[in-house]
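Chemist: Provided herewith is a single structure, encoded as structure tokens, for subsequent inquiry.
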Amino acid sequence: MRMRLSTAVFYAVVCCSATLILYFMLELTGISSGAREANRRTSVSPEEELAVETLERKLSRLEESIARNRQLVDRLQADKRKRQRIHEGGAPVMAANEALTGSDVIATVKAAGGGLSRSKSGWLADKGSFNEADSLQQCPASGGSPADTDIQMLKVYDKLTFENTDGGVWKQGWELTYEASQWTTENPLQVFVVPHSHNDPGWIRTFEEYFEESTKQIFNLMIKKLPIKPRRKFIWAEISYLSLWWSTANDESKAVFKKLVKDGQVELVTGGWVMPDESSSHYSSMINQLIEGHEWIKNHIGPDAVPRHGWAIDPFGMSSTMAYILKLNNFDGMLIQRAHYSIKKHLSKLKALEFEWRQTWDRAGRTDILCHLMPFYSYDIPHTCGPDPKICCQFDFRRIPTTSGKPVSCPWGIPPRAITTGNLKERAETLLDQYRKKAQLTQTNVVLAPLGDDFRYDSTTEWDRQYLNYEKLIHYFSSRPDLNVRIQFGTLKDYFDAVKKDTATRALTLPTLSGDFFTYADRDDHYWSGYFTSRPFYKSLDRRLAAHLRSAEIAYSVALARFQRKPTGPSFKHVDLLLMKLISSRRSLALFQHHDGVAGTAKTAVMTDYAIKMITAITSCDDVLGASLAFLLSPEEDKSNSALVMRLESEERFVTHDQPPVKSRLRVEQNGRRVVVYNSLAQSREERVTLRIDSANVVVVEEKSGEIVMSQINPVWMGKTNALSADEFELVFLASIPALGIKTYVIKSVPPSSAPTKGLSAAASIEIFSDNARSDNPSTKVFSLKHAVYPASILLTSELLKLTFDGKTGYLQSVFSKMSSYAGVGIKFIQYGTTEKPDKSGAYLFMPDGEAKDVLNGGLLTEQNQGSSSFAPLIRVLRGPIVSELHLMTSQFIHTVRIIHSTGPEGQAPEIVNEVDITRTSNYELAMHLTTAIQNEDFATDLNGFQLIRRKTFAKLPIQANYYPMPAVALLEDDDFRLTLLGQQPLGVASLVKGNLEVMLDRRLDQDDNRGVGQNVHDNIPMTRSTFRLLIESNRLPSSSESLHSDSSHPVLSLLSHLSLQSLLNPLVLMSDSTSPDPSVSLKPDYPGLPLDLPCDVHLLNLRASVGKESDEGVASPFSGEPADSAMALMMLHRVGVDCRRETVNVKCQPLKGKLNLKESLNPVFALPFVEEGSPSPLSGSGKLLPVDTAVTLNAMHVHAFRFPLI
């Protein structure tokens, strides 16, 4: 063994030396970096710049190879020293996760050799399935190196100057030239003209208004105009609109549409319910809206309409999570549009607009998906035929001047002309010139020319003008073989098939790319980072509905399985009706994933319409939850139909669409009020339960055991005053609920007595600090209040945490965690104004007026201190056995910091709640600012809650460019500590200074930002809530001393962070039994759920009952109607990547070790007579049928989908 190890070290050193020699040879013969930059500033051709870029990529790879070889040598030497340490018994000492296999040496030696190991066919090669094991070790993602790709977006950002130089007719590019001889008869230029219509399901008008005004006519004309000629093509994306049209169309129209799809004249692209936003949407909602669209297609169109190509032309920035989701669902390719103009120019010069998009954590290339990035400013016709919009606009034949209909003109002053015999040759050659110039931007001889815009093809005139004129042009080109061009109408499938063929025929290698395309800018310093936060109330509502829907889906599936397993047992009534409520809720949530929905960029009336739909959906989900939980609590032999008698209601409800939800006040009597607590996660948890009750003298009893549970009574404050409600109180206790389990608790009123009552809820102690303390310190019947002047500091402590606050401002000054021994965290609030330039902040754009101002130093006034020049907030402190918290109250926000007295995950992270009201401000953007002593080189945010991605703050870019989306997570770390901020809602985040983090909370803007919505942002909702958890963890460096925040490792969350995030996004479900106690009604005190937790790095993403059949009128059932039919369910498990370099304590579950036996894990909740593994999409065909007791491999970072009957 020692000899083999020495040999490995020797070869690694030799390989490293060879790499160094090659590196220095290239340096001597190459161009110096200074010369390269000088050349770039002079006039260089794109070909010369491409050569320089290629050389730089090779140098970069060599530098990375050198670093990897140095690390390899260090690891081998360290490993050798470890092996020389011998136990007393003579056994070598070696940790399991320190093993270095021969394959590691081989892989590193290959990398040191330089060049690409991929076949020339690149993405055509088999990358392996998602079922292929990446690793079976306990923490396979811990400390993993990032993907090795030709283009890494973070490095591209680091390199570019982002100068917006005038490129001529292509303003953001350069002058394109070509040689006509580059195309031949054997290798002609292929052009696919792709007619399309982008239909926003809500923006300026509501979803239904758009349908009646435009979309209905588009479909009606589509089935009339396309059959005229079989070579006419069209693509369609938004299934929400197709389903609405389908419900109104007659059978003949539906048959024509189906035939168009079957014949390939219409391609359904992506096939999701909407074209989702990719910054704020959570990945679970992104997947579910795709499934919703595909399930509708399956039930109404059939197997001839399987989407295989993604189409995302309008989301304001592109996430690699969407690329993963499409690959997961067996897509062959995807198209994107909105990327930073400098990025488009850079990739165009590299001829890298067609690339394989790879996840940053994927070192094997299994997630690669072919992607096309559109090169120009927009997806409209003036910006899609070629680089000159003035010319391309002349080939948008809807813009031919007219006095009828809805005229559209060309801004460049030259209108289109109808194609005639007299102008055919000139018009064709002019258009061909644009196509040829566009072809210079890609490696292949295939050009995509989309032909459409927003709500196009809604009139007979446009259908005729576009198709008839282009048919004349196409006919002309087909009659001129000397031009070496083939032009036709096409779909995305036609285009991607041609790209594949050309790539294989000409042995081209398309580059690989990793990273994302945030933050988007369309021109100058106009960065679209404002919408990361715009309309935060509705963003928070999105997450609330997602949590309700997921809980209802799982509870319904579990109840339906129990019912099908024993149909003679308790009655589970209205199965179909409950499913229809779920379907309606799914579609309401899916609709809001639209890129003008959760993005917050639609008009006020449209946002209101979305909100009403979502609140209605939440109510429907609560109905499903109430029925399902009541059924699960029914005894096996229930003759009284307890589930029908028991009425469970949510403890929280919305009164209107523009107010936060209110908690119901429960009436508590001596014989008790039953409360049902449900855990939708596949891991047991102990967490805080908070209720509103009408009595302060209560005890809480766990119904099954009869044991009294410790509880706490807090006051309910009357608005922003110090007045306490006399007849409403907050009850808090810790509930311990098993995985997928239910427990019932009984709250009993206790008559006032002079004698102490065992287990009586403890009243919180209250301190109120202000600049005019009262001397009488009055007490109520329940609480003792202490008024005092501002102290020097305020402390909140628990067994695990010690929080220190500034006594004057109420700002957090330090957080000491016993788990990490770190104390350097402070919080304050800052605000931005908007620039004095003509283009100001709006719903989309963030255009600040400079650095942020501290609201304290800016003279922020409280309601109690109007007219004073000092900052005099009101500070309240509550302390009790379950929770302790501080409230900082100002006129613009109530800031609460809370600690839970628990040793579990919830007790290790302070909770931060901000309730914001900036309705009386003008051009005002409020942010929460965190200050730490962490010496971070970069920071990380999440992409859609699915994965983390490294971010850098660039001094060369303005503030707004350094803001990124934070759908759920932001973190800072150095070699000693990591700070993780977990969010319950999506917002914008930045780390503008080392050690600092700021999160935008709300925005109020007085003007439109000229991006189409046509209004200001004045519809802020008072007391909009944002909730966070703050985790501080110490780092345990790996043996190689590799920096945890370096580019050589991919960031993943710790196990504690994952559990805390899932708890935050999927809180316990609380429902109260509103029926009067009835001795004849026998209900079980609990439902045990899973006997064992799933591994805690395996997240039950969803468990949704499939729609067995759905009529065109919307009547649905989980049963297909076939003989011996059982309802089916789709279960999605996400094995998250876990960073095990941080100590996790007081966590009951453990990460997955090896494989997971589904039957053992899910029994007896589900019988699992068979399991089929495949993709989430119901259109992907039959998956792999697994043996009954099989153990499945769950690869880290991946989502795995399983289908099984609900019995």
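Residues are referred to by chain and number: the chain letter is A, B, ... according to the order shown in the structure tokens, the number counts from 1 in that chain, and ligands are numbered separately from 1 in the order shown.
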From segment 326-413 of chain A, collect each residue whose DSSP state is strand (DSSP E or B) and return the set as an MDAnalysis selection string.

Modeler: chainID A and resid 333:336 354:358 369:373

Chemist: Do you know which residues are at most 6 Å from segment 1093-1107 of chain A counting only C-alpha atoms, after dropping those on the same chain fewer than 6 positions away, and could you put them as a list in words?

Modeler: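 My reading of the contact set: Glu553, Ile554, Ser557, Ala682, Gln683, Ala739, Pro1118, Met1128, Ala1129, Leu1130, Met1131, Met1132, Leu1133, His1134, Arg1135, Val1136, Cys1149, Gln1150, Pro1151 and Leu1152 of chain A.
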
Chemist: Considering only C-alpha atoms, can you say which of A:Asn329, A:Asn914, A:Ser711, A:Thr270 comes closest to His901 of chain A?

Modeler: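 Of the candidates, the smallest distance to His901 of chain A is held by A:Ser711.
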
Chemist: Name all residues at most 8 Å from Val689 of chain A (count only C-alpha atoms; drop same-chain ones fewer than 2 positions away) and give them as a list in words.

Modeler: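 Residues meeting the cut-off are Glu687, Leu691, Leu731, Val732, Phe733, Leu734, Ala735, Leu1068 and Leu1070 of chain A.
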
Chemist: Using 9 Å as the limit and counting only C-alpha atoms, can you tabulate each residue of segment 603-664 of chain A that touches segment 1014-1034 of chain A, with its shortest atom-to-atom distance in Å and the two atoms involved, as a tab-separated table?

Modeler:
residue	atom	partner	partner_atom	distance
A:Lys603	CA	A:Gln1015	CA	7.0
A:Thr604	CA	A:Asp1019	CA	6.7
A:Asp658	CA	A:Ile1021	CA	6.1
A:Gln659	CA	A:Ile1021	CA	6.7
A:Pro660	CA	A:Thr1024	CA	6.9

Chemist: Write to file, as a short mmCIF file (atom, residue, chain, number, x, y, z; two decimals), in the first residue's frame, the residues of the selection just made, with N, CA and C atoms.

Modeler:
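New file part-v6.cif:
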data_model
loop_
_atom_site.label_atom_id
_atom_site.label_comp_id
_atom_site.auth_asym_id
_atom_site.auth_seq_id
_atom_site.Cartn_x
_atom_site.Cartn_y
_atom_site.Cartn_z
N LYS A 603 -50.34 45.45 -12.88
CA LYS A 603 -51.11 46.58 -12.38
C LYS A 603 -51.82 46.21 -11.08
N THR A 604 -52.20 47.22 -10.33
CA THR A 604 -52.82 47.00 -9.02
C THR A 604 -54.05 46.12 -9.12
N ASP A 658 -56.42 42.67 1.04
CA ASP A 658 -55.39 43.68 1.24
C ASP A 658 -55.08 43.91 2.71
N GLN A 659 -55.26 42.88 3.51
CA GLN A 659 -54.90 42.93 4.92
C GLN A 659 -54.24 41.63 5.32
N PRO A 660 -53.30 41.68 6.25
CA PRO A 660 -52.72 40.43 6.74
C PRO A 660 -53.81 39.55 7.38
#

Chemist: Neighbours of segment 197-206 of chain A within 7 Å (only C-alpha atoms; same-chain residues fewer than 6 positions away dropped), as a list in words?

Modeler: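 The contact residues come out as Gly452, Asp453, Asp454, Phe455, Arg456, Tyr457, His594, Asp596, Ala602, Lys603, Val606, Asp609 and Val1013 of chain A.
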
Chemist: Could you write those residues out with C-alpha atoms, as a PDB file, in the first residue's frame?

Modeler:
ATOM      1  CA  GLY A 452     -44.299  37.186 -32.831  1.00  0.00           C
ATOM      2  CA  ASP A 453     -44.817  39.435 -29.835  1.00  0.00           C
ATOM      3  CA  ASP A 454     -47.293  39.992 -27.010  1.00  0.00           C
ATOM      4  CA  PHE A 455     -50.844  38.860 -27.851  1.00  0.00           C
ATOM      5  CA  ARG A 456     -50.128  38.628 -31.567  1.00  0.00           C
ATOM      6  CA  TYR A 457     -52.244  36.820 -34.156  1.00  0.00           C
ATOM      7  CA  HIS A 594     -46.397  33.849 -13.970  1.00  0.00           C
ATOM      8  CA  ASP A 596     -45.674  39.282 -13.768  1.00  0.00           C
ATOM      9  CA  ALA A 602     -48.607  43.764 -12.780  1.00  0.00           C
ATOM     10  CA  LYS A 603     -51.109  46.576 -12.379  1.00  0.00           C
ATOM     11  CA  VAL A 606     -54.367  42.493 -11.551  1.00  0.00           C
ATOM     12  CA  ASP A 609     -57.222  39.590  -8.762  1.00  0.00           C
ATOM     13  CA  VAL A1013     -46.781  48.337 -16.474  1.00  0.00           C
TER      14      VAL A1013
END

Chemist: Under the rule that only C-alpha atoms are counted, which of A:Ser650, A:Thr505, A:Ser634, A:Ser664 is the nearest residue to Asp1086 of chain A?

Modeler: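 Nearest to Asp1086 of chain A: A:Ser634.
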
Chemist: At a cut-off of 8 Å, using only C-alpha atoms, what residues contact Ala590 of chain A? Leave out same-chain residues fewer than 3 positions from it and give the result as a PyMOL selection string.

Modeler: chain A and resi 273-274+285-286+288-289+292+586-587+593-594

Chemist: Convert the current residue selection to file output with all heavy atoms, as a compact mmCIF listing (two decimals), in the first residue's frame.

Modeler:
# COMPACT_ATOMS: atom_id res chain seq x y z
N TRP A 273 -48.32 25.60 -16.80
CA TRP A 273 -49.54 26.39 -16.66
C TRP A 273 -49.27 27.83 -17.08
O TRP A 273 -50.12 28.48 -17.67
CB TRP A 273 -50.03 26.32 -15.22
CG TRP A 273 -51.49 26.61 -15.06
CD1 TRP A 273 -52.04 27.68 -14.43
CD2 TRP A 273 -52.59 25.83 -15.56
NE1 TRP A 273 -53.41 27.61 -14.49
CE2 TRP A 273 -53.78 26.48 -15.17
CE3 TRP A 273 -52.67 24.64 -16.28
CZ2 TRP A 273 -55.03 25.99 -15.50
CZ3 TRP A 273 -53.92 24.15 -16.60
CH2 TRP A 273 -55.09 24.82 -16.22
N VAL A 274 -48.06 28.31 -16.78
CA VAL A 274 -47.63 29.66 -17.16
C VAL A 274 -46.16 29.60 -17.57
O VAL A 274 -45.52 28.56 -17.48
CB VAL A 274 -47.79 30.66 -15.99
CG1 VAL A 274 -49.26 30.81 -15.59
CG2 VAL A 274 -46.96 30.24 -14.79
N SER A 285 -43.06 25.13 -6.48
CA SER A 285 -44.14 25.72 -7.25
C SER A 285 -43.83 25.71 -8.74
O SER A 285 -44.74 25.57 -9.58
CB SER A 285 -44.40 27.16 -6.78
OG SER A 285 -44.83 27.18 -5.43
N MET A 286 -42.56 25.86 -9.09
CA MET A 286 -42.17 25.78 -10.50
C MET A 286 -42.44 24.39 -11.06
O MET A 286 -42.95 24.24 -12.17
CB MET A 286 -40.68 26.15 -10.64
CG MET A 286 -40.36 27.60 -10.26
SD MET A 286 -38.58 27.91 -10.11
CE MET A 286 -38.09 27.92 -11.84
N ASN A 288 -44.58 22.18 -9.78
CA ASN A 288 -46.01 21.88 -9.74
C ASN A 288 -46.79 22.58 -10.85
O ASN A 288 -47.75 22.02 -11.38
CB ASN A 288 -46.57 22.24 -8.37
CG ASN A 288 -46.18 21.23 -7.30
OD1 ASN A 288 -46.15 20.03 -7.55
ND2 ASN A 288 -45.86 21.71 -6.11
N GLN A 289 -46.38 23.80 -11.23
CA GLN A 289 -47.09 24.45 -12.34
C GLN A 289 -46.79 23.73 -13.65
O GLN A 289 -47.64 23.69 -14.54
CB GLN A 289 -46.75 25.94 -12.41
CG GLN A 289 -45.34 26.31 -12.85
CD GLN A 289 -45.17 26.32 -14.35
OE1 GLN A 289 -46.11 26.57 -15.10
NE2 GLN A 289 -43.96 26.04 -14.80
N GLU A 292 -48.95 20.62 -13.53
CA GLU A 292 -50.35 20.97 -13.74
C GLU A 292 -50.65 21.13 -15.23
O GLU A 292 -51.67 20.65 -15.73
CB GLU A 292 -50.69 22.26 -12.99
CG GLU A 292 -52.17 22.55 -12.89
CD GLU A 292 -52.92 21.46 -12.16
OE1 GLU A 292 -52.36 20.85 -11.22
OE2 GLU A 292 -54.09 21.20 -12.54
N ARG A 586 -54.34 24.33 -6.94
CA ARG A 586 -53.10 24.15 -7.71
C ARG A 586 -53.00 25.20 -8.81
O ARG A 586 -51.94 25.79 -9.05
CB ARG A 586 -53.07 22.76 -8.34
CG ARG A 586 -52.95 21.59 -7.38
CD ARG A 586 -53.20 20.27 -8.11
NE ARG A 586 -53.13 19.12 -7.23
CZ ARG A 586 -53.42 17.88 -7.59
NH1 ARG A 586 -53.82 17.63 -8.84
NH2 ARG A 586 -53.34 16.89 -6.72
N ARG A 587 -54.11 25.42 -9.49
CA ARG A 587 -54.09 26.33 -10.64
C ARG A 587 -54.01 27.79 -10.22
O ARG A 587 -53.44 28.61 -10.94
CB ARG A 587 -55.29 26.04 -11.52
CG ARG A 587 -55.18 24.67 -12.18
CD ARG A 587 -56.39 24.23 -12.97
NE ARG A 587 -56.16 22.89 -13.52
CZ ARG A 587 -57.04 22.18 -14.20
NH1 ARG A 587 -58.27 22.67 -14.41
NH2 ARG A 587 -56.74 20.98 -14.66
N GLN A 593 -47.42 32.01 -10.42
CA GLN A 593 -46.00 31.84 -10.75
C GLN A 593 -45.64 32.57 -12.03
O GLN A 593 -44.44 32.69 -12.37
CB GLN A 593 -45.65 30.35 -10.88
CG GLN A 593 -45.97 29.52 -9.66
CD GLN A 593 -45.55 30.17 -8.37
OE1 GLN A 593 -44.36 30.48 -8.16
NE2 GLN A 593 -46.51 30.41 -7.48
N HIS A 594 -46.63 33.06 -12.76
CA HIS A 594 -46.40 33.85 -13.97
C HIS A 594 -45.40 34.97 -13.67
O HIS A 594 -45.40 35.54 -12.59
CB HIS A 594 -47.72 34.41 -14.47
CG HIS A 594 -47.59 35.51 -15.49
ND1 HIS A 594 -46.87 35.35 -16.65
CD2 HIS A 594 -48.08 36.77 -15.50
CE1 HIS A 594 -46.92 36.48 -17.34
NE2 HIS A 594 -47.64 37.35 -16.66

Chemist: Between A:Pro195, A:Pro227, A:Pro1085, A:Pro1067, which residue has the minimum interatomic distance to Val676 of chain A, considering only C-alpha atoms?

Modeler: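 The shortest atom-to-atom distance to Val676 of chain A comes from A:Pro1085.
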
Chemist: Tell me, as an mmCIF file with C-alpha atoms, in the first residue's frame, which residues lie within 12 Å of Asp806 of chain A, counting only C-alpha atoms; anything in the same chain fewer than 5 positions away does not count.

Modeler:
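File produced: out33.cif:
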data_model
loop_
_atom_site.group_PDB
_atom_site.id
_atom_site.type_symbol
_atom_site.label_atom_id
_atom_site.label_comp_id
_atom_site.auth_asym_id
_atom_site.auth_seq_id
_atom_site.Cartn_x
_atom_site.Cartn_y
_atom_site.Cartn_z
ATOM 1 C CA PHE A 769 -38.896 51.176 27.623
ATOM 2 C CA TYR A 790 -33.994 53.328 28.133
ATOM 3 C CA PRO A 791 -31.289 51.133 29.688
ATOM 4 C CA ALA A 792 -27.762 50.847 28.345
ATOM 5 C CA SER A 793 -28.531 47.411 26.949
ATOM 6 C CA ILE A 794 -31.205 44.731 26.950
ATOM 7 C CA LEU A 795 -30.601 40.970 27.161
ATOM 8 C CA LEU A 796 -32.651 38.016 25.966
ATOM 9 C CA TYR A 811 -31.312 47.362 17.579
ATOM 10 C CA LEU A 812 -29.731 43.939 17.950
ATOM 11 C CA GLN A 813 -26.046 44.298 18.818
ATOM 12 C CA SER A 814 -24.812 40.758 19.248
ATOM 13 C CA GLY A 826 -25.950 43.527 14.633
ATOM 14 C CA ILE A 827 -29.161 44.665 12.946
ATOM 15 C CA LYS A 828 -30.305 48.099 11.869
ATOM 16 C CA PRO A 873 -38.747 54.297 19.604
ATOM 17 C CA ILE A 875 -39.387 49.057 23.056
ATOM 18 C CA LEU A 886 -38.251 42.163 21.966
ATOM 19 C CA LEU A 888 -39.091 47.666 18.458
#

Chemist: Which of segment 481-566 of chain A end up as alpha helix (DSSP H) when DSSP is run on this backbone - answer as a PyMOL selection string?

Modeler: chain A and resi 492-505+536-565

Chemist: Can I get the selected residues back with N, CA and C atoms, as a tab-separated table (two decimals), in the first residue's frame?

Modeler:
chain	number	residue	atom	x	y	z
A	492	LEU	N	-39.99	24.92	-32.39
A	492	LEU	CA	-38.75	24.73	-31.64
A	492	LEU	C	-38.19	23.33	-31.89
A	493	LYS	N	-39.05	22.36	-32.02
A	493	LYS	CA	-38.57	21.01	-32.32
A	493	LYS	C	-37.81	20.98	-33.64
A	494	ASP	N	-38.35	21.63	-34.65
A	494	ASP	CA	-37.67	21.67	-35.95
A	494	ASP	C	-36.29	22.31	-35.80
A	495	TYR	N	-36.24	23.41	-35.05
A	495	TYR	CA	-34.97	24.11	-34.87
A	495	TYR	C	-33.95	23.25	-34.14
A	496	PHE	N	-34.33	22.70	-32.98
A	496	PHE	CA	-33.36	21.92	-32.20
A	496	PHE	C	-32.96	20.64	-32.92
A	497	ASP	N	-33.86	20.02	-33.66
A	497	ASP	CA	-33.48	18.85	-34.45
A	497	ASP	C	-32.42	19.21	-35.49
A	498	ALA	N	-32.58	20.37	-36.11
A	498	ALA	CA	-31.60	20.81	-37.11
A	498	ALA	C	-30.26	21.12	-36.46
A	499	VAL	N	-30.28	21.71	-35.26
A	499	VAL	CA	-29.03	22.00	-34.55
A	499	VAL	C	-28.32	20.70	-34.20
A	500	LYS	N	-29.07	19.73	-33.71
A	500	LYS	CA	-28.46	18.44	-33.39
A	500	LYS	C	-27.80	17.82	-34.63
A	501	LYS	N	-28.52	17.85	-35.74
A	501	LYS	CA	-28.00	17.23	-36.96
A	501	LYS	C	-26.76	17.96	-37.45
A	502	ASP	N	-26.80	19.28	-37.45
A	502	ASP	CA	-25.66	20.06	-37.93
A	502	ASP	C	-24.46	19.87	-37.01
A	503	THR	N	-24.72	19.79	-35.71
A	503	THR	CA	-23.63	19.59	-34.75
A	503	THR	C	-22.96	18.24	-34.96
A	504	ALA	N	-23.75	17.22	-35.19
A	504	ALA	CA	-23.19	15.90	-35.39
A	504	ALA	C	-22.49	15.79	-36.73
A	505	THR	N	-23.10	16.33	-37.78
A	505	THR	CA	-22.54	16.22	-39.13
A	505	THR	C	-21.19	16.93	-39.23
A	536	PRO	N	-44.25	42.93	-1.72
A	536	PRO	CA	-43.84	41.82	-0.83
A	536	PRO	C	-45.01	41.14	-0.13
A	537	PHE	N	-46.13	41.83	0.04
A	537	PHE	CA	-47.29	41.18	0.66
A	537	PHE	C	-47.75	40.01	-0.18
A	538	TYR	N	-47.79	40.19	-1.49
A	538	TYR	CA	-48.26	39.12	-2.37
A	538	TYR	C	-47.21	38.03	-2.52
A	539	LYS	N	-45.94	38.40	-2.45
A	539	LYS	CA	-44.88	37.38	-2.45
A	539	LYS	C	-45.02	36.48	-1.22
A	540	SER	N	-45.30	37.09	-0.08
A	540	SER	CA	-45.49	36.31	1.14
A	540	SER	C	-46.75	35.45	1.04
A	541	LEU	N	-47.80	35.98	0.41
A	541	LEU	CA	-49.03	35.23	0.22
A	541	LEU	C	-48.78	34.00	-0.66
A	542	ASP	N	-47.89	34.13	-1.63
A	542	ASP	CA	-47.52	33.00	-2.48
A	542	ASP	C	-46.96	31.86	-1.65
A	543	ARG	N	-46.05	32.17	-0.73
A	543	ARG	CA	-45.46	31.12	0.10
A	543	ARG	C	-46.49	30.53	1.07
A	544	ARG	N	-47.40	31.36	1.54
A	544	ARG	CA	-48.43	30.86	2.44
A	544	ARG	C	-49.34	29.86	1.73
A	545	LEU	N	-49.76	30.20	0.51
A	545	LEU	CA	-50.59	29.28	-0.26
A	545	LEU	C	-49.82	28.01	-0.59
A	546	ALA	N	-48.55	28.13	-0.96
A	546	ALA	CA	-47.76	26.94	-1.28
A	546	ALA	C	-47.70	25.99	-0.10
A	547	ALA	N	-47.54	26.52	1.12
A	547	ALA	CA	-47.49	25.68	2.31
A	547	ALA	C	-48.84	25.03	2.58
A	548	HIS	N	-49.93	25.81	2.47
A	548	HIS	CA	-51.27	25.25	2.67
A	548	HIS	C	-51.57	24.15	1.66
A	549	LEU	N	-51.22	24.42	0.41
A	549	LEU	CA	-51.52	23.45	-0.65
A	549	LEU	C	-50.73	22.17	-0.45
A	550	ARG	N	-49.46	22.29	-0.14
A	550	ARG	CA	-48.65	21.09	0.06
A	550	ARG	C	-49.20	20.26	1.23
A	551	SER	N	-49.55	20.91	2.32
A	551	SER	CA	-50.11	20.19	3.47
A	551	SER	C	-51.42	19.50	3.10
A	552	ALA	N	-52.27	20.21	2.35
A	552	ALA	CA	-53.55	19.63	1.95
A	552	ALA	C	-53.35	18.46	0.99
A	553	GLU	N	-52.40	18.59	0.07
A	553	GLU	CA	-52.12	17.50	-0.88
A	553	GLU	C	-51.72	16.23	-0.13
A	554	ILE	N	-50.82	16.37	0.82
A	554	ILE	CA	-50.30	15.20	1.52
A	554	ILE	C	-51.38	14.59	2.40
A	555	ALA	N	-52.10	15.45	3.13
A	555	ALA	CA	-53.15	14.93	4.01
A	555	ALA	C	-54.24	14.21	3.21
A	556	TYR	N	-54.62	14.79	2.07
A	556	TYR	CA	-55.63	14.16	1.21
A	556	TYR	C	-55.15	12.81	0.70
A	557	SER	N	-53.88	12.75	0.27
A	557	SER	CA	-53.34	11.49	-0.25
A	557	SER	C	-53.30	10.42	0.82
A	558	VAL	N	-52.88	10.79	2.04
A	558	VAL	CA	-52.83	9.83	3.13
A	558	VAL	C	-54.24	9.34	3.48
A	559	ALA	N	-55.19	10.28	3.52
A	559	ALA	CA	-56.57	9.89	3.85
A	559	ALA	C	-57.17	9.01	2.76
A	560	LEU	N	-56.92	9.35	1.50
A	560	LEU	CA	-57.47	8.56	0.40
A	560	LEU	C	-56.87	7.16	0.40
A	561	ALA	N	-55.60	7.03	0.73
A	561	ALA	CA	-54.97	5.70	0.82
A	561	ALA	C	-55.63	4.88	1.92
A	562	ARG	N	-55.88	5.51	3.06
A	562	ARG	CA	-56.54	4.78	4.14
A	562	ARG	C	-57.94	4.34	3.73
A	563	PHE	N	-58.65	5.22	3.04
A	563	PHE	CA	-60.02	4.91	2.61
A	563	PHE	C	-60.02	3.76	1.60
A	564	GLN	N	-59.11	3.78	0.63
A	564	GLN	CA	-59.07	2.72	-0.39
A	564	GLN	C	-58.60	1.39	0.18
A	565	ARG	N	-57.78	1.48	1.23
A	565	ARG	CA	-57.29	0.25	1.83
A	565	ARG	C	-58.41	-0.48	2.57

Chemist: Which distance in Å separates atom CA of Thr512 of chain A and atom CA of Gln359 of chain A, to one decimal?

Modeler: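 Value for the atom CA of Thr512 of chain A-atom CA of Gln359 of chain A distance: 10.1 Å.
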
Chemist: Rounded to one decimal place, report the atom CA of Leu1092 of chain A-atom CA of Glu703 of chain A distance in Å.

Modeler: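 Calculated distance between atom CA of Leu1092 of chain A and atom CA of Glu703 of chain A is 21.8 Å.
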
Chemist: Of the residues A:Gly1089, A:Pro986, A:Gly1174, A:Pro375, which is the one nearest to Lys345 of chain A, using only C-alpha atoms?

Modeler: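 Using only C-alpha atoms, Lys345 of chain A sits closest to A:Pro375.
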
Chemist: Just checking: using only C-alpha atoms, which residue out of A:Leu878, A:Leu803, A:Lys566, A:Asp362 ends up closest to Pro910 of chain A?

Modeler: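 Comparing A:Leu878, A:Leu803, A:Lys566, A:Asp362 against Pro910 of chain A, the winner is A:Leu803.
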